[in-house]
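Undergrad: Next up, work_19.csv (CSV, C-alpha atoms).
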```
chain,number,residue,atom,x,y,z
A,7,MET,CA,0.0,0.0,0.0
A,8,ASN,CA,1.3,3.4,-0.9
A,9,PRO,CA,1.9,5.8,1.9
A,10,VAL,CA,-0.6,8.7,2.5
A,11,ARG,CA,1.0,11.8,1.0
A,12,VAL,CA,0.5,14.7,3.4
A,13,LEU,CA,1.0,18.5,3.0
A,14,LEU,CA,1.5,20.5,6.2
A,15,ILE,CA,0.3,24.1,6.4
A,16,GLU,CA,1.4,25.6,9.7
A,17,ASP,CA,3.0,29.0,10.3
A,18,HIS,CA,4.9,28.2,13.5
A,19,PHE,CA,8.2,26.6,12.6
A,20,LEU,CA,8.6,24.6,15.8
A,21,ALA,CA,5.1,23.4,15.7
A,22,ARG,CA,5.5,22.4,12.1
A,23,MET,CA,8.8,20.5,12.9
A,24,ALA,CA,7.1,18.7,15.8
A,25,LEU,CA,4.2,17.7,13.5
A,26,HIS,CA,6.6,16.5,10.8
A,27,SER,CA,8.4,14.4,13.4
A,28,VAL,CA,5.2,12.8,14.6
A,29,LEU,CA,4.1,11.9,11.1
A,30,ALA,CA,7.4,10.9,9.6
A,31,GLY,CA,7.8,8.2,12.2
A,32,HIS,CA,5.1,6.1,10.5
A,33,ALA,CA,5.7,4.2,7.3
A,34,GLN,CA,2.2,4.7,6.0
A,35,ILE,CA,2.6,8.5,6.1
A,36,GLU,CA,4.8,10.6,3.8
A,37,VAL,CA,5.1,14.3,4.4
A,38,VAL,CA,5.6,15.6,0.8
A,39,GLY,CA,5.6,19.4,1.6
A,40,GLU,CA,5.4,22.1,4.2
A,41,ALA,CA,4.2,25.6,4.0
A,42,GLY,CA,4.3,28.5,6.5
A,43,ASP,CA,1.4,30.5,5.2
A,44,GLY,CA,-1.9,30.1,3.3
A,45,GLU,CA,-0.8,31.4,-0.1
A,46,SER,CA,2.3,29.1,-0.2
A,47,GLY,CA,0.1,26.2,1.0
A,48,LEU,CA,-2.3,26.8,-1.9
A,49,ALA,CA,0.6,26.9,-4.4
A,50,MET,CA,2.2,23.8,-3.0
A,51,TYR,CA,-1.1,21.9,-3.2
A,52,ARG,CA,-1.4,22.7,-6.9
A,53,GLN,CA,2.2,21.5,-7.4
A,54,LEU,CA,2.2,18.4,-5.3
A,55,GLN,CA,-1.5,17.2,-5.3
A,56,PRO,CA,-1.2,15.6,-1.9
A,57,ASP,CA,-3.7,13.0,-0.5
A,58,VAL,CA,-4.4,14.9,2.7
A,59,VAL,CA,-3.8,18.5,3.9
A,60,VAL,CA,-3.2,19.2,7.6
A,61,LEU,CA,-3.5,22.9,8.3
A,62,ASP,CA,-3.9,25.4,11.1
A,63,LEU,CA,-6.7,28.0,10.9
A,64,ARG,CA,-4.5,30.8,12.1
A,65,LEU,CA,-2.2,31.6,9.2
A,66,PRO,CA,-0.7,34.9,8.0
A,67,GLY,CA,-2.2,36.5,4.9
A,68,VAL,CA,-4.7,34.0,3.6
A,69,SER,CA,-6.4,32.4,6.7
A,70,GLY,CA,-6.8,28.7,7.1
A,71,LEU,CA,-10.6,29.0,6.6
A,72,ASP,CA,-9.9,30.8,3.2
A,73,VAL,CA,-7.5,28.0,2.3
A,74,ILE,CA,-10.2,25.4,2.9
A,75,VAL,CA,-12.7,27.4,0.8
A,76,ARG,CA,-10.3,27.9,-2.1
A,77,LEU,CA,-9.0,24.3,-2.1
A,78,ARG,CA,-12.5,22.9,-2.1
A,79,ARG,CA,-13.5,25.3,-4.9
A,80,ASP,CA,-10.6,24.5,-7.2
A,81,PHE,CA,-10.1,20.9,-6.1
A,82,PRO,CA,-13.5,19.4,-4.9
A,83,GLY,CA,-11.8,16.2,-3.9
A,84,ALA,CA,-9.3,17.9,-1.6
A,85,ARG,CA,-9.2,16.1,1.8
A,86,ILE,CA,-8.5,18.4,4.7
A,87,VAL,CA,-7.7,17.9,8.4
A,88,VAL,CA,-7.8,21.0,10.6
A,89,LEU,CA,-5.3,21.0,13.5
A,90,SER,CA,-5.8,24.3,15.5
A,91,ASN,CA,-5.8,26.0,18.8
A,92,TYR,CA,-9.1,27.6,18.0
A,93,ARG,CA,-11.7,25.9,20.1
A,94,GLY,CA,-14.8,28.0,19.5
A,95,SER,CA,-18.0,26.4,18.2
A,96,GLU,CA,-18.2,28.9,15.3
A,97,ASP,CA,-14.6,28.1,14.2
A,98,VAL,CA,-15.4,24.4,14.1
A,99,TYR,CA,-18.7,24.9,12.4
A,100,GLN,CA,-17.3,27.2,9.7
A,101,ALA,CA,-14.3,24.8,9.0
A,102,VAL,CA,-16.5,21.7,8.7
A,103,ARG,CA,-19.1,23.6,6.7
A,104,SER,CA,-16.5,24.9,4.3
A,105,GLY,CA,-15.2,21.4,3.6
A,106,ALA,CA,-12.8,20.2,6.3
A,107,MET,CA,-13.3,16.5,6.9
A,108,ALA,CA,-11.7,16.5,10.4
A,109,TYR,CA,-11.2,19.1,13.1
A,110,LEU,CA,-8.7,18.5,15.9
A,111,THR,CA,-7.1,20.7,18.6
A,112,LYS,CA,-3.4,20.9,19.1
A,113,ASP,CA,-3.5,18.9,22.3
A,114,THR,CA,-4.7,15.9,20.3
A,115,SER,CA,-2.5,12.8,20.6
A,116,GLY,CA,-0.4,11.7,17.7
A,117,GLU,CA,-2.4,8.5,17.4
A,118,GLU,CA,-5.6,10.4,17.0
A,119,LEU,CA,-4.1,12.6,14.4
A,120,LEU,CA,-2.9,9.6,12.5
A,121,ASN,CA,-6.3,8.0,12.8
A,122,ALA,CA,-8.0,11.1,11.5
A,123,ILE,CA,-5.6,11.3,8.5
A,124,ARG,CA,-6.2,7.6,7.7
A,125,ASN,CA,-10.0,8.1,7.8
A,126,VAL,CA,-10.0,11.3,5.8
A,127,HIS,CA,-7.7,9.6,3.2
A,128,ARG,CA,-10.4,7.0,2.8
A,129,GLY,CA,-13.0,9.7,2.2
A,130,LEU,CA,-14.5,9.5,5.7
A,131,ARG,CA,-15.2,12.3,8.1
A,132,TYR,CA,-13.4,12.1,11.4
A,133,LEU,CA,-15.4,14.0,14.1
A,134,SER,CA,-13.9,13.7,17.6
A,135,HIS,CA,-16.0,14.1,20.7
A,136,PHE,CA,-14.8,17.7,21.0
A,137,THR,CA,-15.9,18.4,17.5
A,138,LEU,CA,-19.3,16.9,18.0
A,139,GLN,CA,-19.8,19.0,21.1
A,140,ARG,CA,-18.9,22.2,19.4
A,141,LEU,CA,-21.1,21.4,16.4
A,142,ALA,CA,-24.1,20.6,18.7
A,143,GLU,CA,-23.6,23.9,20.5
A,144,ARG,CA,-23.7,25.8,17.1
A,145,MET,CA,-26.9,24.1,16.0
A,146,PRO,CA,-30.1,26.2,16.2
A,147,VAL,CA,-32.7,25.3,18.8
A,148,VAL,CA,-35.3,23.0,17.4
A,149,ASP,CA,-38.9,23.9,17.4
A,150,LEU,CA,-40.6,21.1,19.3
A,151,THR,CA,-44.3,21.0,20.1
A,152,PRO,CA,-45.3,20.8,23.8
A,153,ARG,CA,-46.0,17.1,23.5
A,154,GLU,CA,-42.7,16.5,21.7
A,155,SER,CA,-40.9,18.3,24.4
A,156,GLU,CA,-42.6,16.0,27.0
A,157,VAL,CA,-41.6,12.9,25.0
A,158,LEU,CA,-38.0,14.3,24.7
A,159,GLY,CA,-37.9,14.7,28.5
A,160,CYS,CA,-38.9,11.0,28.9
A,161,ILE,CA,-36.3,9.9,26.3
A,162,THR,CA,-33.6,11.6,28.3
A,163,GLN,CA,-34.7,9.6,31.3
A,164,GLY,CA,-34.1,6.4,29.3
A,165,ARG,CA,-37.8,5.4,29.2
A,166,SER,CA,-39.2,3.0,26.7
A,167,ASN,CA,-42.1,3.7,24.4
A,168,ARG,CA,-44.4,1.7,26.7
A,169,GLU,CA,-43.3,3.7,29.7
A,170,ILE,CA,-43.7,7.0,27.9
A,171,ALA,CA,-47.2,6.0,26.8
A,172,ALA,CA,-48.1,5.2,30.4
A,173,GLU,CA,-46.5,8.4,31.8
A,174,LEU,CA,-48.3,10.7,29.3
A,175,CYS,CA,-51.5,8.6,29.0
A,176,ILE,CA,-51.3,8.3,25.2
A,177,ALA,CA,-51.2,5.3,22.9
A,178,GLU,CA,-47.8,3.6,22.3
A,179,LYS,CA,-48.3,4.0,18.6
A,180,THR,CA,-48.6,7.8,19.1
A,181,VAL,CA,-45.4,7.7,21.2
A,182,ARG,CA,-43.6,6.1,18.3
A,183,ILE,CA,-44.8,8.9,16.0
A,184,HIS,CA,-43.6,11.6,18.4
A,185,VAL,CA,-40.2,9.9,19.0
A,186,SER,CA,-39.7,9.7,15.2
A,187,SER,CA,-40.6,13.4,14.8
A,188,VAL,CA,-38.3,14.4,17.7
A,189,LEU,CA,-35.3,12.6,16.2
A,190,ASP,CA,-36.0,14.0,12.8
A,191,LYS,CA,-36.2,17.6,14.0
A,192,MET,CA,-33.0,17.3,16.1
A,193,GLY,CA,-31.1,15.5,13.3
A,194,ALA,CA,-30.3,12.7,15.8
A,195,ARG,CA,-29.6,9.1,14.8
A,196,ASP,CA,-31.0,7.5,17.9
A,197,ARG,CA,-32.2,8.2,21.4
A,198,THR,CA,-28.7,8.5,22.9
A,199,GLN,CA,-27.7,11.2,20.4
A,200,ALA,CA,-31.0,13.0,21.0
A,201,THR,CA,-30.3,13.0,24.7
A,202,ILE,CA,-26.8,14.4,24.2
A,203,TYR,CA,-28.1,17.1,21.8
A,204,ALA,CA,-30.9,18.0,24.2
A,205,LEU,CA,-28.5,18.5,27.1
A,206,GLN,CA,-26.0,20.5,25.0
A,207,ARG,CA,-28.6,22.8,23.6
A,208,GLY,CA,-30.3,23.3,26.9
A,209,LEU,CA,-33.6,21.8,25.8
A,210,VAL,CA,-33.7,19.7,29.0
A,211,HIS,CA,-31.7,20.0,32.2
A,212,PHE,CA,-30.7,17.4,34.8
A,213,ASP,CA,-31.1,18.8,38.4
A,214,GLN,CA,-29.3,16.7,41.0
A,215,GLU,CA,-31.0,16.3,44.3
A,216,GLY,CA,-29.7,14.7,47.5
A,217,GLY,CA,-26.1,15.9,47.4
A,218,GLU,CA,-23.4,13.6,46.0
A,219,SER,CA,-25.4,10.4,46.1
A,220,GLY,CA,-26.9,11.0,42.6
A,221,GLY,CA,-28.9,8.0,41.5
A,222,GLU,CA,-32.6,8.5,41.7
A,223,GLY,CA,-32.0,12.2,42.6
A,224,LEU,CA,-31.5,13.1,38.9
A,225,ASN,CA,-34.6,14.7,37.4
A,226,TRP,CA,-35.1,16.4,34.1
A,227,SER,CA,-36.8,19.7,33.5
A,228,LEU,CA,-37.8,21.3,30.3
A,229,SER,CA,-36.0,24.4,29.3
A,230,GLY,CA,-37.9,27.6,28.9
```
Can you turn what I pasted into structure tokens?
TA:
Amino acid sequence: MNPVRVLLIEDHFLARMALHSVLAGHAQIEVVGEAGDGESGLAMYRQLQPDVVVLDLRLPGVSGLDVIVRLRRDFPGARIVVLSNYRGSEDVYQAVRSGAMAYLTKDTSGEELLNAIRNVHRGLRYLSHFTLQRLAERMPVVDLTPRESEVLGCITQGRSNREIAAELCIAEKTVRIHVSSVLDKMGARDRTQATIYALQRGLVHFDQEGGESGGEGLNWSLSG
């Protein structure tokens, strides 16, 4: 198998050298070029046509975000991993929205960076727990009906459709319809993801009662 050809775009020399050192130690990775600013990075990409770009968002001249936009415009198949100190939800959202397939912070382990590069090279997105958290924070609040909000509250408690039906005094078939609508509106794959999104967006809150004992002292409340 041919090694993954990687282009580094990072303005800090020592950081770039450290990154090169981490990647060069693996036979499946070949660092084919390094650039210290966005304009040079774009020119180098055109010349080298690397498999994966690893870049910082904070670059002199042309910003990292602009590099992503221009690369994806001129080379729709460009595969980009962001490695940045920027931790804001808007930074993550704009980078992913513009075409980055992975977003990592600079305290990421070398192994996770390698894993992200491998996945992106295969055409897959690599979204770390940090990235998912920031994207969820950036998402707009969903418009749930009062009944859907009640169902969501029950979902966050881990209740089954039968238990929700009994709690709300409605048919189990109706519960299934509401659950499907809630997941669809929230863009969630399953109940677990819906619960995470609900907590991150403040749609429901867990209020701990009874000090440090936790357990049955955890109750949900609807936001608003």
Undergrad: Which range 103-137 of chain A residues have any atom within 12 Å of an atom of range 30-40 of chain A, and for each, what is the nearest pair of atoms with distance in Å to one decimal, counting all atoms listed in the file, rows sorted by chain and number, as a Markdown table?
TA:
```
| residue | atom | partner | partner_atom | distance |
| --- | --- | --- | --- | --- |
| A:Gly116 | CA | A:Gly31 | CA | 10.5 |
| A:Glu117 | CA | A:His32 | CA | 10.5 |
| A:Leu119 | CA | A:Ile35 | CA | 11.4 |
| A:Leu120 | CA | A:Ile35 | CA | 8.5 |
| A:Asn121 | CA | A:Ile35 | CA | 11.2 |
| A:Ile123 | CA | A:Ile35 | CA | 9.0 |
| A:Arg124 | CA | A:Ile35 | CA | 9.0 |
| A:His127 | CA | A:Ile35 | CA | 10.8 |
```
Undergrad: Calculated over only C-alpha atoms, which of the candidates A:Thr198, A:Ser46, A:Gln53, A:Asn8 has the smallest distance to Ser69 in chain A?
TA: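 Smallest separation from Ser69 in chain A among the options: A:Ser46.
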Undergrad: Quick one: pull the distance between CA of Phe19 in chain A and CA of Asn91 in chain A, Å, one decimal.
TA: 15.3 Å
Undergrad: Show me, as a ChimeraX atom specification, the residues that have an atom within 12 Å of Val68 in chain A when counting only C-alpha atoms, minus same-chain residues fewer than 5 positions from it.
TA: /A:15,17,42-49,62-63,73-76
Undergrad: Which of these, A:Ala101, A:Val28, A:Leu61, A:Ala84, has the shortest distance to Glu16 in chain A once you count only C-alpha atoms?
TA: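 That would be A:Leu61, the residue with the smallest distance to Glu16 in chain A.
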Undergrad: Record the distance separating CA of Thr111 in chain A and CA of Arg93 in chain A, expressed in Å with one decimal.
TA: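 If I compute the distance from CA of Thr111 in chain A to CA of Arg93 in chain A, I get 7.1 Å.
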Undergrad: Quick one: distance from CA of Cys160 in chain A to CA of Gln139 in chain A in Å, one decimal?
TA: 22.1 Å
Undergrad: Rank A:Glu156, A:Asp113, A:Glu118, A:Asp190 by their smallest atom-to-atom distance to Leu133 in chain A, using all atoms listed in the file, and report the top residue only.
TA: A:Glu118
